[in-house]
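**Student:** Shown below is the structure under consideration.
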Amino acid sequence: QNDLLESLRVCSKTHGQGVSLRTAGKRLAERCLRWWSCFRDPSTTPTSILGSKVALQAASLGFFRADLVVKLVILILFAASIFSWTIIIHKIRLFRSLKKISKQFEEEFWSGRSIKEIASTTHHLSESPIKYVFLEAVDEIEKSNKDTKKNIDSITDRINRIMEAAIDYQNEKLSLYFSYLATIGATTPFIGLFGTVWGIMNSFQSIAISRNTSLAVVAPGIAEALFATALGLLAAIPAVIAYNIFTSQVNDENARMYRFKEHFNVIFSRGLSAK
């Protein structure tokens with residue numbers, strides 16, 4: 001692992017000094033091949049990664065020797081962990097970009113220009129919740145201007161309702177896949193516990209059949225059981241942490257949209273009163 005990290009640093013340094021990316025990639029590939037050969041030939045394995053290799057081989061061997069039910073539990077937990085991390089990475093990138101875009105939009109909104117000018121200048125910005133709420137309100141204003149009979153109170157009420165609906169829609173979009181994170185965080189520890197109980201049951205059955213209480217008979221089943229528990233926690237803990245963090249970020253976006261709605265209504269009402 002240290003060899004790979006050192007190769008990455010060397011590649012980035014040589015690339016910054018003018019060495020071509022292809023040459024840096026070749027150096028990294030050579031190091032990766034040297035690192036991979038350690039797993040094929042134990043005699044070339046450095047002491048630093050010998051423990052990792054033994055642990056990896058033990059885990060894989062324990063999986064293939066496991067009972068069918070334990071294998072199914074491990075596969076379910078592994079798939080749940082991959083799915084949760086896919087959602088986590090997607091949401092991290094989403095909220096990071098939304099924070100930047102919303103800040104740019106608010107700077108344009110408070111620039112002092114008219115609503116039409118703001119709508120045209122922010123057209124190049126990527127989609128964001130606050131921009132969507134603003135465009136929905138602008139669209140309703142344009143539709144109201146086409147009416148021959150204009151009622152100020154009804155226009156204000158329609159705009160307020162349109163913005164409320166837009167906020168609810170954006171909250172639903174931001175909260176997409178949150179139920180999967182909550183389900184994974186709540187159920188995977190119990191699925192892993194089921195695999196643990198099943199593995200311990202198999203261990204006791206092996207003791208009863210062989211009539212031998214030595215560690216060699218008991219250890220494999222217990223190792224399978226503990227591996228299922230660890231995998232269940234490995235899937236649940238990141239899902240629960242991510243769910244809480246993302247829920248807080250959705251609440252922040254919701255508060256930002258409601259603040260923007262109130263400011264927009266005040267500015268629009270002031271403009272109507274001036275007319």
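Convention: chains lettered A, B, ... in structure tokens order; per-chain residue numbering from 1; ligands numbered from 1 as shown.
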Considering only C-alpha atoms, return as JSON, numbers by chain whatever protein or nucleic-acid residues lie within 9 Å of A:Trp85, sequence-local ones (same chain, fewer than 5 positions apart) excluded.
**Tutor:** {"A": [80, 90, 235, 238, 239]}
**Student:** Hey, could you make a per-residue contact list for stretch 113-158 of chain A against stretch 249-255 of chain A with 10 Å as the cut-off, showing the nearest pair of atoms and its distance in Å to one decimal, counting only C-alpha atoms, sorted by chain and number, as JSON lines?
**Tutor:**
{"residue": "A:Ser128", "atom": "CA", "partner": "A:Glu253", "partner_atom": "CA", "distance": 9.9}
{"residue": "A:Pro129", "atom": "CA", "partner": "A:Glu253", "partner_atom": "CA", "distance": 7.7}
{"residue": "A:Ile130", "atom": "CA", "partner": "A:Glu253", "partner_atom": "CA", "distance": 8.2}
**Student:** Any chance you could export the current selection's C-alpha atoms as a PDB file, in the first residue's frame?
**Tutor:**
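New file part_20.pdb:
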ATOM      1  CA  SER A 128     -30.635  24.153  -8.309  1.00  0.00           C
ATOM      2  CA  PRO A 129     -33.621  24.088  -5.917  1.00  0.00           C
ATOM      3  CA  ILE A 130     -33.650  27.836  -5.303  1.00  0.00           C
TER       4      ILE A 130
END
**Student:** Would you compute the distance between atom CA of A:Val133 and atom CA of A:Met163? Give it in Å to one decimal.
**Tutor:**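 Atom-to-atom, atom CA of A:Val133 to atom CA of A:Met163, that is 5.6 Å.
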**Student:** Any idea what's packed within 8 Å of A:Asn265, counting only C-alpha atoms, ignoring anything in its chain fewer than 3 positions away? Could you give it as a list of chain:residue names?
**Tutor:** A:Thr156, A:Asn160, A:Lys261, A:Glu262, A:Phe268, A:Ser269
**Student:** Only N, CA, C and O atoms, please: the residues just picked out, written as a short mmCIF file (atom, residue, chain, number, x, y, z; two decimals), in the first residue's frame.
**Tutor:**
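This is the output file part06.cif:
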data_model
loop_
_atom_site.label_atom_id
_atom_site.label_comp_id
_atom_site.auth_asym_id
_atom_site.auth_seq_id
_atom_site.Cartn_x
_atom_site.Cartn_y
_atom_site.Cartn_z
N THR A 156 -50.74 37.49 -5.94
CA THR A 156 -49.82 37.19 -4.84
C THR A 156 -50.09 35.81 -4.25
O THR A 156 -49.15 35.06 -3.95
N ASN A 160 -47.52 32.58 -4.33
CA ASN A 160 -47.15 31.94 -3.07
C ASN A 160 -47.40 30.43 -3.13
O ASN A 160 -46.57 29.63 -2.68
N LYS A 261 -38.31 32.45 -0.65
CA LYS A 261 -39.73 32.67 -0.98
C LYS A 261 -40.27 33.90 -0.25
O LYS A 261 -40.98 34.73 -0.86
N GLU A 262 -39.94 34.03 1.02
CA GLU A 262 -40.43 35.18 1.78
C GLU A 262 -39.84 36.48 1.24
O GLU A 262 -40.57 37.48 1.09
N PHE A 268 -41.83 41.43 -4.44
CA PHE A 268 -42.89 41.50 -5.43
C PHE A 268 -44.06 42.35 -4.94
O PHE A 268 -44.62 43.15 -5.69
N SER A 269 -44.43 42.19 -3.68
CA SER A 269 -45.52 43.00 -3.12
C SER A 269 -45.15 44.49 -3.09
O SER A 269 -45.99 45.36 -3.35
#
**Student:** Return as a list in words the full set of residues in stretch 142-176 of chain A whose backbone-based DSSP assignment is alpha helix (DSSP H).
**Tutor:**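 Restricting stretch 142-176 of chain A to alpha helix (DSSP H) produces Glu142, Lys143, Ser144, Asn145, Ile152, Asp153, Ser154, Ile155, Thr156, Asp157, Arg158, Ile159, Asn160, Arg161, Ile162, Met163, Glu164, Ala165, Ala166, Ile167, Asp168, Tyr169, Gln170, Asn171, Glu172, Lys173 and Leu174 of chain A.
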**Student:** Set the distance at 8 Å and use only C-alpha atoms: which residues neighbour stretch 188-204 of chain A once local chain neighbours fewer than 2 positions away are removed? I'd like the list as a VMD selection string.
**Tutor:** chain A and resid 67 69 to 70 73 to 74 77 80 184 to 186 206 to 208 217 to 222 224 to 233 235 to 236
**Student:** Keeping only N, CA and C atoms, take the residues you just selected and write them out as a short mmCIF file (atom, residue, chain, number, x, y, z; two decimals), in the first residue's frame.
**Tutor:**
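Final output, saved to result-v4.cif:
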data_model
loop_
_atom_site.label_atom_id
_atom_site.label_comp_id
_atom_site.auth_asym_id
_atom_site.auth_seq_id
_atom_site.Cartn_x
_atom_site.Cartn_y
_atom_site.Cartn_z
N ASP A 67 -21.59 -22.09 5.16
CA ASP A 67 -22.88 -22.70 4.83
C ASP A 67 -23.61 -21.85 3.80
N VAL A 69 -26.62 -20.66 3.79
CA VAL A 69 -27.35 -19.54 4.39
C VAL A 69 -26.39 -18.41 4.74
N VAL A 70 -25.23 -18.75 5.28
CA VAL A 70 -24.25 -17.72 5.62
C VAL A 70 -23.72 -17.04 4.36
N VAL A 73 -26.32 -14.58 3.30
CA VAL A 73 -26.30 -13.40 4.17
C VAL A 73 -25.14 -12.48 3.80
N ILE A 74 -23.96 -13.05 3.58
CA ILE A 74 -22.79 -12.25 3.24
C ILE A 74 -23.00 -11.53 1.91
N LEU A 77 -25.44 -8.62 2.38
CA LEU A 77 -24.80 -7.50 3.07
C LEU A 77 -23.78 -6.80 2.18
N ALA A 80 -25.77 -4.71 -0.25
CA ALA A 80 -26.33 -3.54 0.43
C ALA A 80 -25.26 -2.48 0.69
N ILE A 184 -31.24 0.26 4.92
CA ILE A 184 -29.96 -0.45 5.06
C ILE A 184 -29.39 -0.26 6.46
N GLY A 185 -29.45 0.96 6.97
CA GLY A 185 -28.92 1.21 8.31
C GLY A 185 -29.68 0.51 9.41
N ALA A 186 -30.97 0.27 9.18
CA ALA A 186 -31.79 -0.35 10.23
C ALA A 186 -31.82 -1.87 10.16
N SER A 206 -21.44 -29.11 14.61
CA SER A 206 -20.17 -29.77 14.29
C SER A 206 -19.57 -30.42 15.54
N ILE A 207 -19.70 -29.74 16.67
CA ILE A 207 -19.21 -30.32 17.92
C ILE A 207 -19.97 -31.58 18.26
N ALA A 208 -21.32 -31.53 18.10
CA ALA A 208 -22.14 -32.70 18.44
C ALA A 208 -21.86 -33.88 17.52
N VAL A 217 -12.35 -27.45 15.38
CA VAL A 217 -13.72 -27.77 14.98
C VAL A 217 -14.63 -26.56 15.15
N VAL A 218 -14.45 -25.80 16.21
CA VAL A 218 -15.36 -24.69 16.53
C VAL A 218 -15.00 -23.41 15.79
N ALA A 219 -13.72 -23.19 15.55
CA ALA A 219 -13.27 -21.90 15.03
C ALA A 219 -13.85 -21.53 13.67
N PRO A 220 -13.92 -22.43 12.68
CA PRO A 220 -14.43 -22.00 11.37
C PRO A 220 -15.85 -21.43 11.41
N GLY A 221 -16.74 -22.11 12.12
CA GLY A 221 -18.11 -21.61 12.20
C GLY A 221 -18.21 -20.29 12.92
N ILE A 222 -17.44 -20.13 13.99
CA ILE A 222 -17.45 -18.87 14.73
C ILE A 222 -16.87 -17.74 13.87
N GLU A 224 -16.99 -17.52 10.61
CA GLU A 224 -18.03 -17.15 9.64
C GLU A 224 -19.09 -16.27 10.30
N ALA A 225 -19.48 -16.63 11.53
CA ALA A 225 -20.51 -15.86 12.23
C ALA A 225 -20.04 -14.44 12.51
N LEU A 226 -18.80 -14.31 12.99
CA LEU A 226 -18.29 -12.98 13.30
C LEU A 226 -18.09 -12.15 12.03
N PHE A 227 -17.72 -12.80 10.93
CA PHE A 227 -17.57 -12.08 9.67
C PHE A 227 -18.90 -11.51 9.20
N ALA A 228 -19.98 -12.27 9.38
CA ALA A 228 -21.31 -11.77 9.00
C ALA A 228 -21.70 -10.56 9.85
N THR A 229 -21.40 -10.62 11.14
CA THR A 229 -21.70 -9.48 12.01
C THR A 229 -20.91 -8.24 11.62
N ALA A 230 -19.62 -8.44 11.35
CA ALA A 230 -18.78 -7.30 10.96
C ALA A 230 -19.24 -6.69 9.65
N LEU A 231 -19.63 -7.53 8.69
CA LEU A 231 -20.09 -7.01 7.41
C LEU A 231 -21.41 -6.26 7.56
N GLY A 232 -22.28 -6.76 8.46
CA GLY A 232 -23.54 -6.05 8.71
C GLY A 232 -23.31 -4.67 9.30
N LEU A 233 -22.37 -4.57 10.24
CA LEU A 233 -22.05 -3.26 10.81
C LEU A 233 -21.36 -2.37 9.79
N ALA A 235 -21.92 -2.26 6.68
CA ALA A 235 -22.94 -1.71 5.78
C ALA A 235 -23.84 -0.70 6.48
N ALA A 236 -24.11 -0.92 7.77
CA ALA A 236 -25.09 -0.10 8.49
C ALA A 236 -24.52 1.24 8.94
#
**Student:** If you count only C-alpha atoms, which residues fall within 12 Å of A:Ile141, apart from same-chain ones fewer than 4 positions away, as a list of chain:residue names?
**Tutor:**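 After dropping sequence-adjacent residues, the list is A:Ile115, A:Lys116, A:Phe134, A:Leu135, A:Glu136, A:Ala137, A:Asn145, A:Lys146, A:Asp147, A:Lys150, A:Ile152, A:Ser154, A:Ile155, A:Thr156, A:Asp157, A:Arg158, A:Ile159, A:Asn160, A:Ile162, A:Met163, A:Asn265, A:Phe268, A:Leu272.
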